[in-house]
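Structure first, then comments.
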Amino acid sequence: MTSPTTAPTPHALSTNPPPALAAGLLLVILVVAFESSAMGTVMPRLAGDLKGLSLYGWASSAFMLASLLGAILTGLLTDRRGVAWGAAFSLALFGVGLLVVGGAPTMPLVIAGRFIEGVGVGGLNALPFVVITAAYRDEAKARMLAAVSSMWLVPGLVGPVLASFITAQFSWRAVPWCLAGLLVLAAPLCLHPLRRVPRLNTAATQKRILWPTLGLMVAFTALIEGLRRTDALGLPLALAGLVGLVWTARPLFPRGMWRMQPGLPSALVLRGFVAFALMGQGSFVTLALREVHKLPLAIVGISISIGGLSWTIGAWTQAYLEKRYGPPSRLARIRYGLMVLTCGMTLTSLGMIKVLPYPVIFAGGLIAGIGMGIAYNSNSLYAMNSVPEGQAGQLSSQLANIEVLMVALSAGISGALVTRIQPLEHALVYVVGMNILASLIPWVAARRLTGR
């Protein structure tokens with residue numbers, strides 16, 4: 001299986017890929033989406049039962065960081081044994097992680113299980129972007145991006161409801177166990193169409209970024225633990241982690257990215273901070289609904305359902321606009337989508353901290369998701385058409401890595417705020433303020449995109 005760090009040759013795949021390949025890709029996303037919606041629903045209940053609220057942010061951060069490592073390990077295995085073997089490796093770790101989470105008696109073991117899950121999901125998440133970029137013609141890319149986004153629709157609508165029902169009837173532990181069973185049923189259908197995908201000769205690239213990625217994970221751990229600690233070791237640990245994070249991230253991204261140089265570097269910054277703001281805040285929306293507003297899981301899950309539905313609406317809207325008005329409309333779509341995103345996030349945030357009643361959280365999520373679907377996918381199209389065809393794998397690496405890193409960073413910092421600031425309502429004020437400010441940075445980056 002290809003990974004975010006896999007660089008396919010320009011003709012590694014047919015320009016007219018078989019329908020079975022697209023079906024296999026979409027099924028992979030469908031399974032991952034069910035895990036995301038179901039586990040996102042039960043995570044506040046899980047943390048409460050295991051007395052692990054202080055480690056709540058780590059459950060998301062460990063998952064996201066592990067996906068970076070998983071992408072590299074899966075890529076190395078793919079180079080040696082083929083795409084289907086890499087996919088099998090990722091699916092197996094995904095399942096093992098779910099079983100560990102389901103049986104975990106403590107929050108640290110939940111985090112360990114989430115880490116194992118993340119290694120598996122990291123390899124699975126990379127495949128669509130590489131294949132879409134390398135194997136589909138320009139007119140089909142927008143449709144495939146929308147199709148990938150659509151795979152989150154049914155899990156987003158059904159996953160929270162099923163997770164709430166299973167938790168009420170049995171236990172939250174039954175949710176990851178049921179997901180593991182679903183994975184066993186889906187794995188053959190995912191793997192079969194990948195058997196004929198040719199091997200990709202990228203071992204040198206994978207090995208080159210393996211050590212920087214491991215260093216980034218260590219630095220990230222030091223940064224977040226330093227922010228969480230209240231003793232004398234906290235500040236120096238956080239500073240060391242910050243320096244290490246900046247240093248180890250350099251080989252993973254193009255020069256000039258953090259200076260928002262025009263073109264692709266700014267597109268990556270835009271993607272990263274959009275992910276930081278909306279995706280990073282997502283797990284704390286469910287936490288606020290459960291712990292602050294004291295709502296049952298069935299209602300908590302509605303926020304996830306609305307997010308999946310609205311993002312899909314936005315994704316298909318941008319696909320329609322792309323078809324009707326063409327590439328010249330992308331920059332305008334990105335900028336207007338970002339405005340809608342920030343407006344929706346502001347409404348959600350005011351509901352989270354009880355300035356407005358909790359139904360506003362759902363209305364804000366609907367608005368923010370539509371803005372995200374338009375801006376995020378339009379920005380992806382912009383990035384895909386900003387590089388030569390032979391650099392598709394490198395672009396896929398950058399798109400995946402910046403998103404994973406920034407979501408993990410947002411969840412980690414938010415978790416540290418929840419640990420250090422009591423009560424939870426006060427901590428959430430800082431969390432939502434941080435994320436709203438982060439949603440404004442893409443506005444600046446969007447001004448740096450060129451019309452080419």
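Naming works like this for the structure tokens: A, B, ... for the chains as they're shown, residue 1 at the start of each chain, ligands 1 onward in shown order.
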query = Skipping near chain neighbours, those fewer than 4 positions away, what residues fall within 9 Å of Ile304 in chain A using only C-alpha atoms, listed as a ChimeraX atom specification?
reply = /A:37-38,40-41,156-157,159-160,282,286,300,308-309,365
Residues as selected, C-alpha atoms, written as a PDB file, in the first residue's frame, can you do that?
```pdb
ATOM      1  CA  SER A  37     -17.288   8.368  14.576  1.00  0.00           C
ATOM      2  CA  ALA A  38     -17.950   5.519  16.991  1.00  0.00           C
ATOM      3  CA  GLY A  40     -15.292   9.766  19.117  1.00  0.00           C
ATOM      4  CA  THR A  41     -18.758   9.263  20.582  1.00  0.00           C
ATOM      5  CA  GLY A 156     -20.942   9.907  10.545  1.00  0.00           C
ATOM      6  CA  LEU A 157     -24.717   9.497  10.629  1.00  0.00           C
ATOM      7  CA  GLY A 159     -21.778   5.393  13.780  1.00  0.00           C
ATOM      8  CA  PRO A 160     -22.665   7.650  16.746  1.00  0.00           C
ATOM      9  CA  GLY A 282     -13.707  17.949  17.540  1.00  0.00           C
ATOM     10  CA  THR A 286     -18.099  15.870  22.515  1.00  0.00           C
ATOM     11  CA  VAL A 300     -23.470  13.807  22.032  1.00  0.00           C
ATOM     12  CA  GLY A 308     -19.842  14.243   8.664  1.00  0.00           C
ATOM     13  CA  LEU A 309     -23.007  15.282   6.861  1.00  0.00           C
ATOM     14  CA  GLY A 365     -21.019  22.406  13.451  1.00  0.00           C
TER      15      GLY A 365
END
```
message = So that I can check the surroundings of Ile299 in chain A, please list as a VMD selection string every protein, DNA and RNA residue that reaches within 9 Å of it, counting only C-alpha atoms and ignoring chain neighbours fewer than 3 positions away.
response = chain A and resid 160 to 161 164 289 to 290 295 to 296 302 to 303
Contacts of range 26-31 of chain A at 7 Å (only C-alpha atoms; same-chain gap of 5+ positions) as a list of chain:residue names = A:Leu124, A:Val148, A:Met151, A:Trp152, A:Leu183, A:Cys190
remark   = Across A:Phe170, A:Trp211, A:Tyr336, A:Phe34, the smallest distance to Ile72 in chain A, with only C-alpha atoms counted, is shown by A:Trp211
Range 263-437 of chain A: residues DSSP assigns to alpha helix (DSSP H), reported as a PDB file with C-alpha atoms, in the first residue's frame:
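Output file out.pdb follows:
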```
ATOM      1  CA  LEU A 264       2.253  25.294  -2.314  1.00  0.00           C
ATOM      2  CA  PRO A 265       3.942  26.259   1.006  1.00  0.00           C
ATOM      3  CA  SER A 266       0.996  28.511   1.851  1.00  0.00           C
ATOM      4  CA  ALA A 267      -1.458  25.790   0.804  1.00  0.00           C
ATOM      5  CA  LEU A 268       0.180  23.448   3.314  1.00  0.00           C
ATOM      6  CA  VAL A 269      -0.006  26.049   6.094  1.00  0.00           C
ATOM      7  CA  LEU A 270      -3.660  26.606   5.253  1.00  0.00           C
ATOM      8  CA  ARG A 271      -4.379  22.881   5.452  1.00  0.00           C
ATOM      9  CA  GLY A 272      -2.481  22.489   8.700  1.00  0.00           C
ATOM     10  CA  PHE A 273      -4.182  25.266  10.627  1.00  0.00           C
ATOM     11  CA  VAL A 274      -7.641  24.403   9.315  1.00  0.00           C
ATOM     12  CA  GLY A 280      -8.366  19.273  16.809  1.00  0.00           C
ATOM     13  CA  GLN A 281     -11.359  20.773  18.562  1.00  0.00           C
ATOM     14  CA  GLY A 282     -13.707  17.949  17.540  1.00  0.00           C
ATOM     15  CA  SER A 283     -13.049  15.592  20.458  1.00  0.00           C
ATOM     16  CA  PHE A 284     -13.468  18.455  22.934  1.00  0.00           C
ATOM     17  CA  VAL A 285     -16.870  19.310  21.471  1.00  0.00           C
ATOM     18  CA  THR A 286     -18.099  15.870  22.515  1.00  0.00           C
ATOM     19  CA  LEU A 287     -16.381  16.291  25.885  1.00  0.00           C
ATOM     20  CA  LEU A 297     -24.302   9.841  24.467  1.00  0.00           C
ATOM     21  CA  ALA A 298     -27.132   9.631  21.940  1.00  0.00           C
ATOM     22  CA  ILE A 299     -27.253  13.438  21.766  1.00  0.00           C
ATOM     23  CA  VAL A 300     -23.470  13.807  22.032  1.00  0.00           C
ATOM     24  CA  GLY A 301     -23.110  11.690  18.904  1.00  0.00           C
ATOM     25  CA  ILE A 302     -25.284  14.098  16.932  1.00  0.00           C
ATOM     26  CA  SER A 303     -22.364  16.537  16.779  1.00  0.00           C
ATOM     27  CA  ILE A 304     -20.286  13.914  14.958  1.00  0.00           C
ATOM     28  CA  SER A 305     -23.157  13.051  12.625  1.00  0.00           C
ATOM     29  CA  ILE A 306     -23.703  16.697  11.736  1.00  0.00           C
ATOM     30  CA  GLY A 307     -19.996  17.169  11.097  1.00  0.00           C
ATOM     31  CA  GLY A 308     -19.842  14.243   8.664  1.00  0.00           C
ATOM     32  CA  LEU A 309     -23.007  15.282   6.861  1.00  0.00           C
ATOM     33  CA  SER A 310     -22.080  18.941   6.483  1.00  0.00           C
ATOM     34  CA  TRP A 311     -18.523  18.195   5.350  1.00  0.00           C
ATOM     35  CA  THR A 312     -19.941  15.927   2.637  1.00  0.00           C
ATOM     36  CA  ILE A 313     -22.350  18.651   1.537  1.00  0.00           C
ATOM     37  CA  GLY A 314     -19.449  21.078   1.304  1.00  0.00           C
ATOM     38  CA  ALA A 315     -17.283  18.586  -0.590  1.00  0.00           C
ATOM     39  CA  TRP A 316     -19.931  17.945  -3.229  1.00  0.00           C
ATOM     40  CA  THR A 317     -20.653  21.663  -3.454  1.00  0.00           C
ATOM     41  CA  GLN A 318     -17.030  22.361  -4.305  1.00  0.00           C
ATOM     42  CA  ALA A 319     -17.067  19.508  -6.852  1.00  0.00           C
ATOM     43  CA  TYR A 320     -20.100  21.110  -8.543  1.00  0.00           C
ATOM     44  CA  LEU A 321     -18.468  24.553  -8.514  1.00  0.00           C
ATOM     45  CA  GLU A 322     -15.244  23.076  -9.884  1.00  0.00           C
ATOM     46  CA  LYS A 323     -17.138  21.506 -12.761  1.00  0.00           C
ATOM     47  CA  ARG A 324     -19.197  24.633 -13.475  1.00  0.00           C
ATOM     48  CA  TYR A 325     -16.577  27.365 -13.068  1.00  0.00           C
ATOM     49  CA  ARG A 330     -10.621  27.714  -6.563  1.00  0.00           C
ATOM     50  CA  LEU A 331      -9.052  30.661  -4.770  1.00  0.00           C
ATOM     51  CA  ALA A 332     -12.423  32.334  -4.234  1.00  0.00           C
ATOM     52  CA  ARG A 333     -13.908  29.056  -2.963  1.00  0.00           C
ATOM     53  CA  ILE A 334     -11.065  28.645  -0.505  1.00  0.00           C
ATOM     54  CA  ARG A 335     -11.436  32.165   0.901  1.00  0.00           C
ATOM     55  CA  TYR A 336     -15.217  32.132   1.235  1.00  0.00           C
ATOM     56  CA  GLY A 337     -15.121  28.614   2.666  1.00  0.00           C
ATOM     57  CA  LEU A 338     -12.679  29.754   5.356  1.00  0.00           C
ATOM     58  CA  MET A 339     -14.985  32.592   6.345  1.00  0.00           C
ATOM     59  CA  VAL A 340     -17.912  30.187   6.705  1.00  0.00           C
ATOM     60  CA  LEU A 341     -15.695  27.832   8.719  1.00  0.00           C
ATOM     61  CA  THR A 342     -14.683  30.483  11.255  1.00  0.00           C
ATOM     62  CA  CYS A 343     -18.271  31.694  11.658  1.00  0.00           C
ATOM     63  CA  GLY A 344     -19.467  28.163  12.354  1.00  0.00           C
ATOM     64  CA  MET A 345     -16.632  27.481  14.805  1.00  0.00           C
ATOM     65  CA  THR A 346     -17.451  30.678  16.683  1.00  0.00           C
ATOM     66  CA  LEU A 347     -21.055  29.571  17.182  1.00  0.00           C
ATOM     67  CA  THR A 348     -19.928  26.117  18.316  1.00  0.00           C
ATOM     68  CA  SER A 349     -17.440  27.621  20.743  1.00  0.00           C
ATOM     69  CA  LEU A 350     -20.021  29.903  22.349  1.00  0.00           C
ATOM     70  CA  GLY A 351     -22.231  26.881  22.926  1.00  0.00           C
ATOM     71  CA  MET A 352     -19.377  24.836  24.399  1.00  0.00           C
ATOM     72  CA  PRO A 359     -28.227  23.505  20.348  1.00  0.00           C
ATOM     73  CA  VAL A 360     -26.004  26.256  18.945  1.00  0.00           C
ATOM     74  CA  ILE A 361     -23.159  23.729  19.005  1.00  0.00           C
ATOM     75  CA  PHE A 362     -24.966  21.656  16.388  1.00  0.00           C
ATOM     76  CA  ALA A 363     -25.873  24.671  14.247  1.00  0.00           C
ATOM     77  CA  GLY A 364     -22.284  25.881  14.352  1.00  0.00           C
ATOM     78  CA  GLY A 365     -21.019  22.406  13.451  1.00  0.00           C
ATOM     79  CA  LEU A 366     -23.294  22.336  10.403  1.00  0.00           C
ATOM     80  CA  ILE A 367     -22.022  25.710   9.184  1.00  0.00           C
ATOM     81  CA  ALA A 368     -18.366  24.953   9.931  1.00  0.00           C
ATOM     82  CA  GLY A 369     -18.534  21.572   8.194  1.00  0.00           C
ATOM     83  CA  ILE A 370     -19.894  23.060   4.980  1.00  0.00           C
ATOM     84  CA  GLY A 371     -17.161  25.691   4.998  1.00  0.00           C
ATOM     85  CA  MET A 372     -14.566  23.005   5.686  1.00  0.00           C
ATOM     86  CA  GLY A 373     -15.760  20.787   2.835  1.00  0.00           C
ATOM     87  CA  ILE A 374     -15.527  23.666   0.374  1.00  0.00           C
ATOM     88  CA  ALA A 375     -12.243  25.214   1.510  1.00  0.00           C
ATOM     89  CA  TYR A 376     -10.401  22.003   2.420  1.00  0.00           C
ATOM     90  CA  ASN A 377     -11.116  20.115  -0.810  1.00  0.00           C
ATOM     91  CA  SER A 378     -10.595  23.193  -2.992  1.00  0.00           C
ATOM     92  CA  ASN A 379      -7.222  23.682  -1.306  1.00  0.00           C
ATOM     93  CA  SER A 380      -6.380  20.013  -1.944  1.00  0.00           C
ATOM     94  CA  LEU A 381      -7.137  20.466  -5.643  1.00  0.00           C
ATOM     95  CA  TYR A 382      -4.982  23.579  -5.689  1.00  0.00           C
ATOM     96  CA  ALA A 383      -2.085  21.671  -4.093  1.00  0.00           C
ATOM     97  CA  MET A 384      -2.440  18.662  -6.397  1.00  0.00           C
ATOM     98  CA  ALA A 392       2.665  13.127  -6.440  1.00  0.00           C
ATOM     99  CA  GLY A 393       4.051  10.960  -3.639  1.00  0.00           C
ATOM    100  CA  GLN A 394       6.019  13.824  -2.114  1.00  0.00           C
ATOM    101  CA  LEU A 395       2.925  16.026  -2.146  1.00  0.00           C
ATOM    102  CA  SER A 396       0.852  13.275  -0.562  1.00  0.00           C
ATOM    103  CA  SER A 397       3.451  13.018   2.202  1.00  0.00           C
ATOM    104  CA  GLN A 398       3.279  16.728   2.883  1.00  0.00           C
ATOM    105  CA  LEU A 399      -0.531  16.883   2.832  1.00  0.00           C
ATOM    106  CA  ALA A 400      -0.865  13.962   5.238  1.00  0.00           C
ATOM    107  CA  ASN A 401       1.975  14.951   7.564  1.00  0.00           C
ATOM    108  CA  ILE A 402       0.933  18.563   8.104  1.00  0.00           C
ATOM    109  CA  GLU A 403      -2.643  17.527   8.874  1.00  0.00           C
ATOM    110  CA  VAL A 404      -1.641  14.775  11.301  1.00  0.00           C
ATOM    111  CA  LEU A 405       0.928  16.931  13.070  1.00  0.00           C
ATOM    112  CA  MET A 406      -1.376  19.898  13.547  1.00  0.00           C
ATOM    113  CA  VAL A 407      -4.382  17.842  14.719  1.00  0.00           C
ATOM    114  CA  ALA A 408      -2.159  16.042  17.233  1.00  0.00           C
ATOM    115  CA  LEU A 409      -0.716  19.360  18.382  1.00  0.00           C
ATOM    116  CA  SER A 410      -4.155  20.891  18.849  1.00  0.00           C
ATOM    117  CA  ALA A 411      -5.451  17.891  20.808  1.00  0.00           C
ATOM    118  CA  GLY A 412      -2.293  17.767  22.898  1.00  0.00           C
ATOM    119  CA  ILE A 413      -2.328  21.435  23.831  1.00  0.00           C
ATOM    120  CA  SER A 414      -6.066  21.316  24.541  1.00  0.00           C
ATOM    121  CA  GLY A 415      -5.542  18.258  26.741  1.00  0.00           C
ATOM    122  CA  ALA A 416      -2.793  20.054  28.634  1.00  0.00           C
ATOM    123  CA  LEU A 417      -5.123  23.018  29.220  1.00  0.00           C
ATOM    124  CA  VAL A 418      -7.828  20.680  30.554  1.00  0.00           C
ATOM    125  CA  THR A 419      -5.270  19.146  32.925  1.00  0.00           C
ATOM    126  CA  ARG A 420      -3.867  22.431  34.243  1.00  0.00           C
ATOM    127  CA  LEU A 424     -13.398  22.073  32.914  1.00  0.00           C
ATOM    128  CA  GLU A 425     -15.623  25.005  31.874  1.00  0.00           C
ATOM    129  CA  HIS A 426     -12.745  27.437  32.421  1.00  0.00           C
ATOM    130  CA  ALA A 427     -10.293  25.249  30.490  1.00  0.00           C
ATOM    131  CA  LEU A 428     -12.669  25.080  27.538  1.00  0.00           C
ATOM    132  CA  VAL A 429     -12.670  28.887  27.291  1.00  0.00           C
ATOM    133  CA  TYR A 430      -8.956  28.745  26.490  1.00  0.00           C
ATOM    134  CA  VAL A 431      -9.395  25.756  24.189  1.00  0.00           C
ATOM    135  CA  VAL A 432     -12.052  27.411  22.028  1.00  0.00           C
ATOM    136  CA  GLY A 433     -10.200  30.738  22.009  1.00  0.00           C
ATOM    137  CA  MET A 434      -7.038  29.029  20.759  1.00  0.00           C
ATOM    138  CA  ASN A 435      -8.888  27.233  17.981  1.00  0.00           C
ATOM    139  CA  ILE A 436     -10.799  30.288  16.770  1.00  0.00           C
ATOM    140  CA  LEU A 437      -7.514  32.209  16.520  1.00  0.00           C
TER     141      LEU A 437
END
```
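Shell of Gly123 in chain A at 6 Å, with only C-alpha atoms counted and residues fewer than 6 places along the chain excluded, is Ser3, Gly70, Ala71, Thr74 and Ser90 of chain A.
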Only N, CA and C atoms, please: the residues just picked out, written as a tab-separated table (two decimals), in the first residue's frame.
```tsv
chain	number	residue	atom	x	y	z
A	3	SER	N	1.86	5.09	0.88
A	3	SER	CA	1.76	5.83	2.13
A	3	SER	C	1.98	7.29	1.85
A	70	GLY	N	3.19	4.84	11.13
A	70	GLY	CA	2.56	3.76	10.38
A	70	GLY	C	2.69	3.93	8.88
A	71	ALA	N	2.61	5.17	8.42
A	71	ALA	CA	2.75	5.41	6.99
A	71	ALA	C	4.11	4.97	6.48
A	74	THR	N	4.52	0.99	6.79
A	74	THR	CA	3.74	0.34	5.75
A	74	THR	C	4.39	0.53	4.39
A	90	SER	N	-1.31	-2.96	7.84
A	90	SER	CA	-2.04	-1.84	8.44
A	90	SER	C	-3.37	-2.29	9.03
```
query = For Ala59 in chain A, which residue among A:Ala47, A:Ala147, A:Ile441, A:Leu182 is the nearest when counting only C-alpha atoms?
reply = A:Ala47
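In this comparison, which uses only C-alpha atoms, the residue of A:Ala180, A:Ala22, A:Leu50, A:Met260 approaching Met107 in chain A most closely is A:Leu50.
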Who sits within 7 Å of range 215-224 of chain A, only C-alpha atoms, same chain under 3 positions skipped, as a ChimeraX atom specification = /A:65,211-212,227-228,237-239,241-242,244-245,248-249,412-413,416
Could you save those same residues with C-alpha atoms as a compact mmCIF listing (two decimals), in the first residue's frame?
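Output saved as out.txt:
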```txt
# COMPACT_ATOMS: atom_id res chain seq x y z
CA LEU A 65 1.30 10.75 15.81
CA TRP A 211 14.53 8.99 11.87
CA PRO A 212 13.17 12.54 11.59
CA LEU A 227 2.77 21.69 29.10
CA ARG A 228 0.84 19.24 31.29
CA LEU A 237 10.72 19.98 29.04
CA ALA A 238 8.24 22.00 26.99
CA LEU A 239 10.95 24.28 25.59
CA GLY A 241 10.18 19.67 22.99
CA LEU A 242 9.35 22.82 21.03
CA GLY A 244 13.02 19.48 18.85
CA LEU A 245 9.65 19.68 17.10
CA THR A 248 12.75 17.38 13.31
CA ALA A 249 9.84 18.70 11.23
CA GLY A 412 -2.29 17.77 22.90
CA ILE A 413 -2.33 21.44 23.83
CA ALA A 416 -2.79 20.05 28.63
```
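Closest approach to Ala84 in chain A from the set A:Leu214, A:Ala168, A:Leu191, A:Val154 is made by A:Leu191, with distances taken over only C-alpha atoms.
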note = CA of Thr230 in chain A sits from CA of Ile421 in chain A at a separation of 10.7 Å
ask   = If we count only C-alpha atoms, what is near Gly113 in chain A at a cut-off of 10 Å, once residues fewer than 3 positions away on the same chain are taken out, given as JSON, numbers by chain?
value = {"A": [59, 62, 63, 93, 94, 95, 96, 97, 98, 99, 100, 101, 102, 103, 104, 107, 108, 109, 110, 116, 117, 118]}
With N, CA and C atoms retained, write the just-selected residues as a short mmCIF file (atom, residue, chain, number, x, y, z; two decimals), in the first residue's frame.
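Done, and the output landed in out_20.cif:
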```cif
data_model
loop_
_atom_site.label_atom_id
_atom_site.label_comp_id
_atom_site.auth_asym_id
_atom_site.auth_seq_id
_atom_site.Cartn_x
_atom_site.Cartn_y
_atom_site.Cartn_z
N ALA A 59 -5.24 10.60 24.11
CA ALA A 59 -5.93 9.55 23.35
C ALA A 59 -5.99 9.90 21.87
N ALA A 62 -1.85 10.54 20.56
CA ALA A 62 -1.10 9.31 20.32
C ALA A 62 -1.56 8.64 19.03
N PHE A 63 -2.85 8.65 18.79
CA PHE A 63 -3.40 8.07 17.57
C PHE A 63 -2.86 8.79 16.34
N LEU A 93 -2.79 -4.26 12.39
CA LEU A 93 -2.49 -3.40 13.53
C LEU A 93 -3.72 -2.61 13.96
N PHE A 94 -4.50 -2.18 13.00
CA PHE A 94 -5.74 -1.48 13.30
C PHE A 94 -6.63 -2.36 14.19
N GLY A 95 -6.78 -3.62 13.80
CA GLY A 95 -7.61 -4.53 14.57
C GLY A 95 -7.05 -4.82 15.95
N VAL A 96 -5.74 -5.04 16.05
CA VAL A 96 -5.12 -5.30 17.35
C VAL A 96 -5.32 -4.10 18.29
N GLY A 97 -5.15 -2.91 17.77
CA GLY A 97 -5.36 -1.72 18.58
C GLY A 97 -6.77 -1.62 19.13
N LEU A 98 -7.75 -1.94 18.31
CA LEU A 98 -9.15 -1.93 18.76
C LEU A 98 -9.37 -2.92 19.90
N LEU A 99 -8.78 -4.11 19.80
CA LEU A 99 -8.92 -5.11 20.85
C LEU A 99 -8.26 -4.65 22.15
N VAL A 100 -7.11 -4.00 22.03
CA VAL A 100 -6.43 -3.49 23.23
C VAL A 100 -7.28 -2.43 23.92
N VAL A 101 -7.83 -1.50 23.14
CA VAL A 101 -8.67 -0.45 23.72
C VAL A 101 -9.88 -1.07 24.41
N GLY A 102 -10.51 -2.05 23.78
CA GLY A 102 -11.69 -2.67 24.36
C GLY A 102 -11.42 -3.36 25.68
N GLY A 103 -10.23 -3.91 25.84
CA GLY A 103 -9.91 -4.62 27.08
C GLY A 103 -9.11 -3.83 28.08
N ALA A 104 -8.83 -2.55 27.81
CA ALA A 104 -7.94 -1.76 28.66
C ALA A 104 -8.59 -1.46 30.02
N MET A 107 -6.50 4.18 31.64
CA MET A 107 -6.37 5.11 30.54
C MET A 107 -5.02 5.00 29.82
N PRO A 108 -3.90 4.78 30.51
CA PRO A 108 -2.64 4.60 29.78
C PRO A 108 -2.69 3.44 28.79
N LEU A 109 -3.39 2.35 29.14
CA LEU A 109 -3.50 1.24 28.19
C LEU A 109 -4.43 1.60 27.03
N VAL A 110 -5.43 2.43 27.28
CA VAL A 110 -6.26 2.93 26.18
C VAL A 110 -5.39 3.71 25.20
N ILE A 116 -1.43 1.89 18.75
CA ILE A 116 -1.36 0.77 17.81
C ILE A 116 -2.36 0.96 16.68
N GLU A 117 -3.57 1.39 17.02
CA GLU A 117 -4.56 1.71 15.98
C GLU A 117 -4.00 2.73 14.99
N GLY A 118 -3.37 3.77 15.53
CA GLY A 118 -2.87 4.86 14.69
C GLY A 118 -1.82 4.39 13.70
#
```
